[in-house]
There are 2 protein chains.
Amino acid sequence: MKKFVYSLRFTVYSLLMMPMMVWAGSVKSPNGNIELKFSVDNTGRPVYEMTYKGREVVKPSHLGLELAKDRHSSKWTNETDLMDGFTIAKEDVSTFDETWQPVWGETKDIRNHYNELAATLEQKASKRTIIIRFRVYDEGIGFRYEFPQQKELNYFIIKEERSEFAMAGDHKAWWLPGDYDTQEQVTQETKLSGIRQRFKEAVNWYNSSVAVFSETGVQTSLQMKSDDGLYINIHEAACLDYATMHLELVDTETKHLSEELMGFTNAYTPHPKATPYPLPKPFTFVSHLTPDATGLKGAMQTPCETPWRTVMVSDDARDMLSNNLILNLNEPCKIEDTSWIHPTKYCGVWWEMIVGKSSWNYTNDYPSIKLDQIDWTKVKPNGIHGANNEKVKRYIDFAAKNGLDQVLVEGWNVGWEDWANLWKRDVFDFVTPYPDFDIKMLNEYAHSKGVKLLMHHETSSSTQNYERHIKEAYELMNKYGYDAVKTGYVGDIIPRGDHHYSQSMNNHYLYVIKEAAKHHIMVNSHEATRPTGLCRTWPNLVGGESARGTEYEAFGGSNPDHTCILPFTRLQGGPMDYTPGIFETKLSEWSDNTSWARITIAGSLALYLTMYSPLQMAADLPENYERYDDAFQFIRDVACDWDQSIYLEAEPADYITVARKAKGTDNWFIGGKCDENGHQTAIKLDFLDKGRKYNCTIYADAKDAHYETNPKAYTITKKVVTAKDVLKLKEAPGGGFAVSLIAQ
Amino acid sequence: MKKFVYSLRFTVYSLLMMPMMVWAGSVKSPNGNIELKFSVDNTGRPVYEMTYKGREVVKPSHLGLELAKDRHSSKWTNETDLMDGFTIAKEDVSTFDETWQPVWGETKDIRNHYNELAATLEQKASKRTIIIRFRVYDEGIGFRYEFPQQKELNYFIIKEERSEFAMAGDHKAWWLPGDYDTQEQVTQETKLSGIRQRFKEAVNWYNSSVAVFSETGVQTSLQMKSDDGLYINIHEAACLDYATMHLELVDTETKHLSEELMGFTNAYTPHPKATPYPLPKPFTFVSHLTPDATGLKGAMQTPCETPWRTVMVSDDARDMLSNNLILNLNEPCKIEDTSWIHPTKYCGVWWEMIVGKSSWNYTNDYPSIKLDQIDWTKVKPNGIHGANNEKVKRYIDFAAKNGLDQVLVEGWNVGWEDWANLWKRDVFDFVTPYPDFDIKMLNEYAHSKGVKLLMHHETSSSTQNYERHIKEAYELMNKYGYDAVKTGYVGDIIPRGDHHYSQSMNNHYLYVIKEAAKHHIMVNSHEATRPTGLCRTWPNLVGGESARGTEYEAFGGSNPDHTCILPFTRLQGGPMDYTPGIFETKLSEWSDNTSWARITIAGSLALYLTMYSPLQMAADLPENYERYDDAFQFIRDVACDWDQSIYLEAEPADYITVARKAKGTDNWFIGGKCDENGHQTAIKLDFLDKGRKYNCTIYADAKDAHYETNPKAYTITKKVVTAKDVLKLKEAPGGGFAVSLIAQ
């Protein structure tokens with residue numbers, strides 16, 4: 001551990017841009033490409049900047065937190081913001097290098113190699129000390145605030161975190177509207193300067209969960225690209241008992257959406273000490289945390305720390321996908337015995353409900369129900385209840401026949417008659433099946449065929465209700481042999497007034513993961529906070545939604561480039577249960593739904609590679625797969641856990657090509673997915689074992705394939721290849737390809 | 001069931017006072033003393049009025065509810081208030097008469113005898129139907145709103161309930177400031193017209209929980225007395241999954257306390273359809289419900305109903321104490337096997353902490369603690385931790401020797417180092433004892449002496465945390481043989497922003513009672529919502545605080561008349577764990593506390609009769625009792641469950657005298673308690689069995705006794721009496737007496 005004592009290196013920045021700066025400390029990444037500088041300015045405000053190969057990535061930017069007043073203690077009446085008045089007491093620089101093995105993942109080994117700068121800051125007026133810790137990787141930086149336990153800082157309330165990210169130019173950005181309750185909007189592609197203009201159009205105001213806060217507020221992970229070809233990504237890591245961060249672009253025109261428009265009252269108020277408006281820097285993001293029902297952002301007890309704020313950067317887009325910075329910034333695995341955690345391929349009674357062909361609910365006879373007042377044996381069934389014994393057995397048979405591990409069944413439990421957006425607290429009990437779902441029989445039937453059922457717990461965002469029932473619910477799962485649960489958080493949060501991404505909700509999601517781990521249950525959490533790498537610490541968090549999933553293909557469709565964006569954004573924090581594999585993309589051909597999936601069949605196969613997840617669904621109906629059994633062979637074959645992954649090509653919103661080596665084998669799989677423009681690729685197979693032969697099967701778009709006009713045109717080609725071969729493949733508009741390479 | 005069809009009885013009220021009225025229905029109490037009239041006015045607003053022996057009790061008053069808009073359903077965008085536009089579809093009148101036996105209580109049998117008027121109201125514009133149901137007893141009325149399940153009314157959000165109670169004059173009132181989070185203020189005695197002027201002075205602004213909402217807002221139960229001698233009490237019954245009601249006096253000067261003063265933002269906004277200001281009726285209360293964190297008052301699902309709003313009335317103050325209207329308006333007992341529920345006399349490791357002589361916490365070494373990060377075996381004890389093995393054994397010995405059933409131990413479990421007012425979610429785990437509290441040994445020791453320990457669960461109002469731990473906590477209690485728990489809700493609610501008396505918190509308290517019942521645990525809930533008779537339905541709710549208890553005698557003291565008010569107010573809804581029995585009233589004589597109890601020893605004994613509860617504490621320290629063992633004999637002897645109770649004298653804030661016959665025996669006990677003016681009484685013993693002799697022991701204030709100057713001067717007189725005798729007794733200022741009558 002090397003100690004800096006007030007570095008003598010002075011760097012004077014434009015006086016117009018920033019108060020005179022003394023760069024107190026600087027640290028470079030192991031390969032020297034990234035440099036991080038830190039100091040406090042002449043008002044005692046912490047400032048950092050970041051460069052990549054000498055180019056500006058983050059221009060000098062302030063750090064700090066506003067605190068709320070506490071009404072209980074006269075001592076706290078003059079609560080001091082942790083914004084300014086700081087001096088640097090000491091700076092510790094150190095190096096760390098380790099390699100660790102994830103329980104599941106894209107690679108067998110992950111190297112965690114960084115140089116660290118920890119600045120201890122004293123705020124003399126308040127007698128308080130905080131630490132700002134920077135970790136500088138070859139792929140980017142992470143920093144966080146740390147609050148040691150101390151006499152004058154034990155409990156405090158965060159009014160707002162004010163971490164700035166001053167971008168060096170008007171980058172292109174792929175963004176979602178910043179929102180306290182939904183992440184399922186369509187990704188927008190604009191310049192930073194175009195966010196404001198696009199904002200209202202970007203919000204799907206028909207989504208009942210919309211809770212946006214500013215017309216320049218965006219979500220993380222935010223992927224950007226500079227005019228000179230730098231790929232920059234801002235996100236966070238290890239968001240545990242803390243509110244999820246959004247980013248707000250502040251400039252001369254920043255104003256906040258009216259309460260009427262936003263539909264709630266948590267309006268943003270600039271802090272008097274915050275960067276003054278108008279700003280000299282036109283492209284500066286400031287952190288904006290998700291509030292709780294009181295409008296406050298967090299209740300903290302020392303010792304504690306914020307999540308890591310991450311800025312990843314490279315001049316090669318592939319580095320955005322291959323790097324493990326966010327996982328590395330999370331704590332090591334806290335589950336001692338992980339033997340019960342496993343990758344899973346599954347199908348399920350789900351897509352037919354999404355499409356509208358069957359229903360989650362059992363009866364249509366009641367405008368509302370109370371769980372303790374219904375005799376289900378006397379209720380008139382609606383005749384289209386999906387989760388019935390016969391249908392579930394059909395799915396079990398299909399899974400068993402095709403080597404799928406599990407069968408998800410949604411709508412198995414009572415309460416779906418009036419479950420959504422009603423602020424209904426006692427909405428589900430998670431233990432009572434509908435009369436046509438024989439839980440004992442079906443689990444025994446599945447087990448007899450080597451298949452497990454996958455539990456479903458829609459909470460309807462009544463988290464209080466879920467927590468009240470969680471122990472019985474997990475005991476029921478243990479009793480019948482379930483080992484995984486898909487949770488859901490549709491609708492308004494109960495406790496009322498809270499938001500999906502607040503500190504308290506993030507604590508809830510973690511509580512669920514921990515309770516599940518106690519019961520050896522894997523969790524796949526839908527509508528929960530976007531992930532920040534917690535799956536390193538809690539590898540039973542095997543998946544999640546937290547973005548616009550395949551279901552939207554039945555709700556009007558997603559753009560063909562959607563799946564070429566998600567790996568750069570949503571997937572940075574952890575795997576997504578995207579539920580790929582739609583073969584019958586024109587839903588009207590087999591249902592009354594007029595929506596259609598913007599993808600070819602070959603493109604759908606590619607997603608099993610390009611959208612990494614240890615939990616992969618074959619989402620379409622068994623009968624839809626049975627019509628294309630030769631293509632379905634790839635889903636049967638593809639692995640979902642890997643020893644090695646090589647991103648061969650990548651450009652956000654355009655294309656991604658990746659080769660992966662299946663865990664514990666010598667077999668490789670390659671997937672390529674492209675946007676609406678199609679893509680041509682030539683894949684050098686030089687990553688294969690030299691001299692070894694591989695049976696290669698190529699699932700490609702047919703020559704005339706097209707996501708809209710001809711999505712089901714695919715070719716299957718088999719040949720034997722070696723490391724010397726090159727695969728020249730053409731992806732159709734909205735298409736892709738999938739390749740299996742089985743070592744001889 | 002007799003059906004009214006638009007009664008022809010017209011009664012025209014002053015046109016200045018109220019729109020022209022057609023009294024559609026009227027019903028009298030069984031003895032005819034009380035008459036209730038109901039109609040809708042010419043705008044379709046429901047109106048009721050109430051008389052007692054022909055005298056006005058409630059002048060014509062509106063009923064109705066404001067609903068909040070729902071942002072999810074366009075259909076609901078024009079949510080209709082349930083305020084006006086009603087027509088009477090039908091009126092059902094019926095009679096009910098039954099006698100039931102409480103599990104414990106003041107009397108063996110309770111008669112529930114009323115006439116009922118149920119008005120079905122149609123709001124044509126919204127196609128909605130509600131029912132307003134009135135029950136008219138000889139002692140008063142109850143009414144509630146009922147919402148049948150129907151096409152156009154399934155879920156709705158209450159913005160405010162607008163039930164009016166127009167008083168007929170400027171009554172004297174005993175009131176507490178309306179407050180969302182505390183009920184522990186000093187009762188004020190003013191005219192209704194004096195509430196505003198007294199309000200700010202009435203609030204103890206140093207109480208960290210204060211959350212008042214209006215300078216004419218008061219709590220229920222509100223006891224009043226008219227100039228012509230009518231005693232009127234407004235409260236509620238069966239407040240289950242609904243917000244607790246306050247009353248706001250609205251008149252020409254009504255304005256609401258500023259946000260700054262109130263410290264929170266749930267300001268009241270008059271509804272455009274609400275009674276217009278200025279009001280023609282100067283003494284009209286309007287209901288004001290406790291909000292949740294969103295400021296809304298309740299989320300409802302039909303079929304459902306509000307609690308009963310009660311107006312009790314008599315020209316004899318004793319009827320205020322003897323009547324069972326509120327219990328009768330609650331549902332019958334829902335616990336099948338009640339054999340495990342029993343009256344309890346207890347002492348406890350408590351008063352010495354309240355006084356400041358010992359501590360709940362074990363160490364003083366940490367400014368804050370995290371439960372999962374402390375090794376308690378390595379912590380330095382502060383040396384004054386109350387709940388230690390030696391001391392608890394001393395209390396167990398004392399209980400065993402004196403026939404007390406249980407020993408409460410507070411501060412037994414880890415977490416008391418930083419538990420209050422810090423919005424600390426994970427504050428207690430309810431299962432981990434401090435190292436000096438051997439839970440197994442102490443329970444075994446207690447059981448070997450025929451005594452049980454009484455569990456303590458302070459939640460610090462972190463209800464989410466309590467609900468997460470409640471099952472383990474109750475399993476621990478079952479394991480070690482506890483059968484009763486004292487719960488506590490000090491400080492700000494978690495989920496943050498919620499209030500102690502909101503719908504969600506009332507649901508929480510009920511959840512706790514039900515979970516406890518499953519584990520055969522009795523509940524004594526402190527700082528919870530004031531009771532509304534739920535102990536009829538859930539008799540394991542054996543006590544509660546919800547008012548200014550004896551602890552305040554150590555915090556500056558309560559007025560001598562305090563205990564002559566509580567039976568008229570707080571005790572209307574159920575028994576209070578007032579923790580009486582302070583013998584060493586001058587705390588400075590045995591501690592550093594300079595406060596003192598405003599009561600004589602004889603007065604303290606009286607409270608075991610006048611403050612009815614099936615759970616009675618002997619709150620002082622064993623050594624303080626041992627010095628007055630002859631007086632303590634009464635506490636040893638007195639029952640806490642009764643076959644019969646006769647209120648002999650009563651006047652709010654002045655005096656109460658009651659005789660009670662101990663359950664299953666022929667023995668009687670009499671208690672008399674008075675205010676600071678003293679009281680003289682002559683008790684005719686004509687309720688005793690004729691011709692039978694009783695050994696009578698009289699514990700009375702000595703001639704020169706006085707609550708301040710000579711509190712410990714008492715006399716004990718023994719004699720034999722019969723039904724023909726009269727006991728002439730003098731109560732000292734702040735004093736009282738206690739009498740035991742043991743049948744020969």
# chains A, B, ... in the order shown; residues from 1 in each chain; ligands from 1
$ interface_residues --of "chain A" --to "chain B" --cutoff "6 Å" --atoms "only C-alpha atoms" --output "number ranges by chain"
A: 72, 208, 293-294, 497
$ residues_around --residues "Asn624 in chain B" --least-positions-apart "5" --cutoff "12 Å" --atoms "only C-alpha atoms" --output "PDB file with C-alpha atoms, in the first residue's frame"
ATOM      1  CA  TRP B 351     -39.966   0.408  35.664  1.00  0.00           C
ATOM      2  CA  GLU B 352     -36.328   0.581  36.670  1.00  0.00           C
ATOM      3  CA  PHE B 398     -41.020 -12.083  43.712  1.00  0.00           C
ATOM      4  CA  GLY B 581     -49.157   0.165  41.169  1.00  0.00           C
ATOM      5  CA  ILE B 582     -46.430   2.744  41.793  1.00  0.00           C
ATOM      6  CA  PHE B 583     -45.867   2.840  45.562  1.00  0.00           C
ATOM      7  CA  GLU B 584     -42.633   4.832  45.745  1.00  0.00           C
ATOM      8  CA  THR B 585     -44.045   7.774  43.878  1.00  0.00           C
ATOM      9  CA  LYS B 586     -41.149  10.165  44.527  1.00  0.00           C
ATOM     10  CA  LEU B 587     -38.634   8.639  42.160  1.00  0.00           C
ATOM     11  CA  GLU B 589     -35.989   8.813  46.716  1.00  0.00           C
ATOM     12  CA  TRP B 590     -34.520   5.767  45.025  1.00  0.00           C
ATOM     13  CA  SER B 591     -33.129   7.016  41.712  1.00  0.00           C
ATOM     14  CA  ILE B 601     -50.646   4.533  47.336  1.00  0.00           C
ATOM     15  CA  ALA B 618     -47.632  -4.520  39.507  1.00  0.00           C
ATOM     16  CA  ALA B 619     -45.262  -2.035  38.003  1.00  0.00           C
ATOM     17  CA  ASP B 629     -46.299  -5.443  52.087  1.00  0.00           C
ATOM     18  CA  ALA B 631     -50.786  -2.566  51.120  1.00  0.00           C
ATOM     19  CA  PHE B 632     -49.394  -4.918  48.495  1.00  0.00           C
ATOM     20  CA  LYS B 712     -47.723   7.121  51.154  1.00  0.00           C
TER      21      LYS B 712
END
$ residues_around --residues "Glu527 in chain A" --least-positions-apart "5" --cutoff "10 Å" --atoms "only C-alpha atoms" --output "ChimeraX atom specification"
/A:181-184,460-461,487-491,500-501,544-548
$ residues_around --residues "Leu327 in chain A" --least-positions-apart "4" --cutoff "10 Å" --atoms "only C-alpha atoms" --output "VMD selection string"
chain A and resid 102 110 112 237 to 238 323 331 to 332 532 to 537 572 to 574
$ closest_residue --among "A:Lys391, A:Trp538, A:His456, A:Asp316" --to "Lys334 in chain A" --atoms "only C-alpha atoms"
A:Trp538
$ residues_around --residues "Thr310 in chain A" --least-positions-apart "4" --cutoff "9 Å" --atoms "only C-alpha atoms" --output "list in words"
Gly140, Ile141, Gly142, Phe143, Arg144, Asn233, Ile234, His235, Glu236, Ala237, Leu325 and Ile326 of chain A
$ residues_around --residues "Leu566 in chain A" --least-positions-apart "4" --cutoff "10 Å" --atoms "only C-alpha atoms" --output "short mmCIF file (atom, residue, chain, number, x, y, z; two decimals) with all heavy atoms, in the first residue's frame"
data_model
loop_
_atom_site.label_atom_id
_atom_site.label_comp_id
_atom_site.auth_asym_id
_atom_site.auth_seq_id
_atom_site.Cartn_x
_atom_site.Cartn_y
_atom_site.Cartn_z
N TRP A 174 -27.67 5.24 -26.59
CA TRP A 174 -28.81 4.32 -26.62
C TRP A 174 -29.43 4.35 -25.23
O TRP A 174 -28.83 3.87 -24.27
CB TRP A 174 -28.32 2.91 -26.99
CG TRP A 174 -27.89 2.83 -28.42
CD1 TRP A 174 -28.67 2.54 -29.49
CD2 TRP A 174 -26.57 3.06 -28.93
NE1 TRP A 174 -27.92 2.58 -30.65
CE2 TRP A 174 -26.64 2.90 -30.35
CE3 TRP A 174 -25.34 3.41 -28.36
CZ2 TRP A 174 -25.51 3.05 -31.18
CZ3 TRP A 174 -24.24 3.56 -29.17
CH2 TRP A 174 -24.32 3.39 -30.58
N THR A 187 -35.67 1.20 -26.59
CA THR A 187 -34.43 1.96 -26.53
C THR A 187 -34.41 3.03 -27.62
O THR A 187 -34.76 2.75 -28.77
CB THR A 187 -33.21 1.03 -26.71
OG1 THR A 187 -33.25 0.03 -25.70
CG2 THR A 187 -31.90 1.81 -26.60
N SER A 221 -28.00 0.72 -17.63
CA SER A 221 -26.73 1.05 -18.20
C SER A 221 -26.95 1.84 -19.48
O SER A 221 -27.77 1.45 -20.31
CB SER A 221 -25.94 -0.24 -18.43
OG SER A 221 -25.66 -0.50 -19.74
N GLN A 223 -25.40 3.14 -22.84
CA GLN A 223 -24.32 2.92 -23.80
C GLN A 223 -24.22 4.13 -24.72
O GLN A 223 -25.23 4.62 -25.22
CB GLN A 223 -24.60 1.66 -24.64
CG GLN A 223 -23.52 1.34 -25.66
CD GLN A 223 -22.18 1.01 -25.02
OE1 GLN A 223 -22.12 0.18 -24.10
NE2 GLN A 223 -21.12 1.66 -25.46
N ALA A 547 -36.15 -5.43 -18.44
CA ALA A 547 -36.02 -4.80 -19.76
C ALA A 547 -37.19 -5.30 -20.59
O ALA A 547 -38.00 -6.10 -20.15
CB ALA A 547 -34.69 -5.15 -20.42
N ARG A 548 -37.23 -4.82 -21.81
CA ARG A 548 -38.29 -5.21 -22.73
C ARG A 548 -37.99 -6.61 -23.26
O ARG A 548 -37.08 -6.80 -24.08
CB ARG A 548 -38.29 -4.19 -23.87
CG ARG A 548 -39.45 -4.25 -24.82
CD ARG A 548 -39.28 -3.12 -25.84
NE ARG A 548 -40.34 -3.11 -26.82
CZ ARG A 548 -41.48 -2.42 -26.70
NH1 ARG A 548 -41.68 -1.68 -25.63
NH2 ARG A 548 -42.39 -2.46 -27.64
N GLY A 549 -38.76 -7.58 -22.79
CA GLY A 549 -38.51 -8.97 -23.16
C GLY A 549 -39.30 -9.39 -24.38
O GLY A 549 -40.00 -8.59 -25.01
N ASP A 561 -33.44 -4.38 -34.11
CA ASP A 561 -32.12 -4.14 -33.50
C ASP A 561 -32.13 -4.25 -31.98
O ASP A 561 -31.10 -4.11 -31.33
CB ASP A 561 -31.55 -2.78 -33.93
CG ASP A 561 -32.36 -1.60 -33.40
OD1 ASP A 561 -33.36 -1.82 -32.69
OD2 ASP A 561 -31.98 -0.46 -33.73
N HIS A 562 -33.31 -4.48 -31.40
CA HIS A 562 -33.45 -4.50 -29.94
C HIS A 562 -32.45 -5.46 -29.29
O HIS A 562 -31.77 -5.11 -28.31
CB HIS A 562 -34.89 -4.89 -29.59
CG HIS A 562 -35.20 -4.90 -28.14
ND1 HIS A 562 -34.98 -3.81 -27.31
CD2 HIS A 562 -35.74 -5.86 -27.34
CE1 HIS A 562 -35.36 -4.12 -26.08
NE2 HIS A 562 -35.82 -5.35 -26.07
N ARG A 570 -28.74 -3.66 -20.91
CA ARG A 570 -29.35 -4.46 -19.85
C ARG A 570 -28.46 -5.60 -19.36
O ARG A 570 -28.41 -5.89 -18.16
CB ARG A 570 -30.69 -4.99 -20.36
CG ARG A 570 -31.30 -6.15 -19.62
CD ARG A 570 -31.62 -5.84 -18.19
NE ARG A 570 -32.16 -7.02 -17.53
CZ ARG A 570 -31.40 -8.03 -17.11
NH1 ARG A 570 -30.09 -8.00 -17.21
NH2 ARG A 570 -31.98 -9.07 -16.50
N LEU A 571 -27.76 -6.24 -20.27
CA LEU A 571 -26.98 -7.42 -19.88
C LEU A 571 -25.68 -7.10 -19.15
O LEU A 571 -25.01 -8.00 -18.63
CB LEU A 571 -26.70 -8.31 -21.10
CG LEU A 571 -27.73 -9.41 -21.38
CD1 LEU A 571 -29.12 -8.86 -21.56
CD2 LEU A 571 -27.33 -10.25 -22.58
N GLN A 572 -25.31 -5.82 -19.10
CA GLN A 572 -24.07 -5.47 -18.39
C GLN A 572 -24.14 -5.91 -16.93
O GLN A 572 -23.14 -6.27 -16.34
CB GLN A 572 -23.84 -3.95 -18.45
CG GLN A 572 -23.54 -3.39 -19.83
CD GLN A 572 -22.20 -3.84 -20.39
OE1 GLN A 572 -21.46 -4.60 -19.77
NE2 GLN A 572 -21.90 -3.38 -21.61
N MET A 576 -30.27 -12.01 -18.63
CA MET A 576 -31.68 -11.68 -18.77
C MET A 576 -32.46 -12.91 -19.20
O MET A 576 -32.01 -13.67 -20.06
CB MET A 576 -31.84 -10.59 -19.83
CG MET A 576 -33.29 -10.22 -20.11
SD MET A 576 -33.45 -8.78 -21.19
CE MET A 576 -35.24 -8.74 -21.40
N TYR A 578 -34.67 -13.48 -21.35
CA TYR A 578 -35.31 -12.81 -22.49
C TYR A 578 -36.41 -13.67 -23.10
O TYR A 578 -37.25 -13.18 -23.84
CB TYR A 578 -34.25 -12.48 -23.55
CG TYR A 578 -34.79 -11.66 -24.70
CD1 TYR A 578 -35.16 -10.33 -24.50
CD2 TYR A 578 -34.97 -12.22 -25.96
CE1 TYR A 578 -35.68 -9.58 -25.53
CE2 TYR A 578 -35.50 -11.46 -27.01
CZ TYR A 578 -35.85 -10.15 -26.78
OH TYR A 578 -36.38 -9.39 -27.80
N THR A 610 -26.10 -14.96 -28.32
CA THR A 610 -25.78 -13.53 -28.18
C THR A 610 -26.38 -12.91 -26.92
O THR A 610 -25.88 -11.91 -26.43
CB THR A 610 -26.28 -12.73 -29.41
OG1 THR A 610 -27.70 -12.89 -29.52
CG2 THR A 610 -25.62 -13.22 -30.68
N MET A 611 -27.45 -13.50 -26.41
CA MET A 611 -28.07 -13.01 -25.16
C MET A 611 -27.68 -13.98 -24.05
O MET A 611 -28.47 -14.85 -23.66
CB MET A 611 -29.59 -12.97 -25.31
CG MET A 611 -30.08 -11.99 -26.35
SD MET A 611 -30.08 -10.29 -25.75
CE MET A 611 -31.43 -10.37 -24.60
N PRO A 652 -23.08 -1.66 -31.44
CA PRO A 652 -24.38 -1.49 -30.80
C PRO A 652 -25.48 -1.23 -31.82
O PRO A 652 -25.32 -0.42 -32.73
CB PRO A 652 -24.17 -0.26 -29.91
CG PRO A 652 -22.70 -0.18 -29.69
CD PRO A 652 -22.06 -0.75 -30.91
N ALA A 653 -26.57 -1.95 -31.66
CA ALA A 653 -27.77 -1.79 -32.48
C ALA A 653 -27.58 -2.26 -33.91
O ALA A 653 -28.50 -2.14 -34.72
CB ALA A 653 -28.29 -0.35 -32.47
#
$ residues_around --residues "range 241-245 of chain B" --least-positions-apart "3" --cutoff "9 Å" --atoms "only C-alpha atoms" --output "PDB file with C-alpha atoms, in the first residue's frame"
ATOM      1  CA  GLU B 161     -64.387  10.015   4.641  1.00  0.00           C
ATOM      2  CA  TYR B 180     -51.274  10.445  13.015  1.00  0.00           C
ATOM      3  CA  GLN B 219     -58.768  12.100  18.503  1.00  0.00           C
ATOM      4  CA  THR B 220     -61.458   9.663  19.430  1.00  0.00           C
ATOM      5  CA  HIS B 235     -65.552   6.852  18.781  1.00  0.00           C
ATOM      6  CA  GLU B 236     -65.453   3.950  16.380  1.00  0.00           C
ATOM      7  CA  SER B 287     -64.191  12.682  10.095  1.00  0.00           C
ATOM      8  CA  HIS B 288     -60.526  12.843   9.098  1.00  0.00           C
ATOM      9  CA  LEU B 289     -58.798   9.549   8.387  1.00  0.00           C
ATOM     10  CA  THR B 290     -55.130   8.812   8.936  1.00  0.00           C
ATOM     11  CA  PRO B 291     -53.263   8.850   5.616  1.00  0.00           C
ATOM     12  CA  ASP B 292     -50.629   6.476   4.359  1.00  0.00           C
ATOM     13  CA  LYS B 297     -56.698   7.194   3.215  1.00  0.00           C
ATOM     14  CA  GLY B 298     -57.522   3.699   2.078  1.00  0.00           C
ATOM     15  CA  ALA B 299     -57.586   1.130  -0.701  1.00  0.00           C
ATOM     16  CA  MET B 300     -60.840  -0.785  -0.681  1.00  0.00           C
ATOM     17  CA  GLU B 305     -67.452  -1.780   4.902  1.00  0.00           C
ATOM     18  CA  THR B 306     -66.044   0.964   7.068  1.00  0.00           C
ATOM     19  CA  PRO B 307     -65.707   0.635  10.811  1.00  0.00           C
ATOM     20  CA  ARG B 309     -68.862   5.287  13.843  1.00  0.00           C
ATOM     21  CA  TYR B 501     -52.881   4.721  12.520  1.00  0.00           C
ATOM     22  CA  SER B 502     -53.108   4.267   8.755  1.00  0.00           C
ATOM     23  CA  GLN B 503     -55.001   1.504   7.031  1.00  0.00           C
ATOM     24  CA  SER B 504     -51.811  -0.432   6.379  1.00  0.00           C
ATOM     25  CA  MET B 505     -50.644  -0.155   9.969  1.00  0.00           C
ATOM     26  CA  ASN B 506     -54.041  -1.198  11.283  1.00  0.00           C
ATOM     27  CA  ASN B 507     -53.754  -4.178   8.994  1.00  0.00           C
ATOM     28  CA  HIS B 508     -50.320  -4.897  10.446  1.00  0.00           C
ATOM     29  CA  LEU B 510     -54.303  -7.288  13.063  1.00  0.00           C
ATOM     30  CA  THR B 529     -53.745   2.238  17.184  1.00  0.00           C
ATOM     31  CA  ARG B 530     -56.258   2.990  19.915  1.00  0.00           C
TER      32      ARG B 530
END
$ atom_distance --atom1 "CA of Thr363 in chain A" --atom2 "CA of Glu417 in chain A"
6.8 Å
$ select_by_dssp --residues "range 631-732 of chain B" --states "helix (DSSP H, G or I)" --output "PyMOL selection string"
chain B and resi 631-637
$ closest_residue --among "A:Asn364, A:Arg162, A:Asn31, A:Tyr145" --to "Glu66 in chain A" --atoms "only C-alpha atoms"
A:Arg162
$ closest_residue --among "B:Gly664, B:Gly383, B:Pro711, B:Gly481" --to "Gly736 in chain B" --atoms "only C-alpha atoms"
B:Pro711
$ closest_residue --among "B:Asp97, B:Asp483, B:Asp637, B:Asp375" --to "Trp340 in chain B" --atoms "only C-alpha atoms"
B:Asp483
$ atom_distance --atom1 "CA of Val210 in chain B" --atom2 "CA of Asp179 in chain B"
6.6 Å
$ atom_distance --atom1 "CA of Pro567 in chain A" --atom2 "CA of Met167 in chain A"
22.1 Å
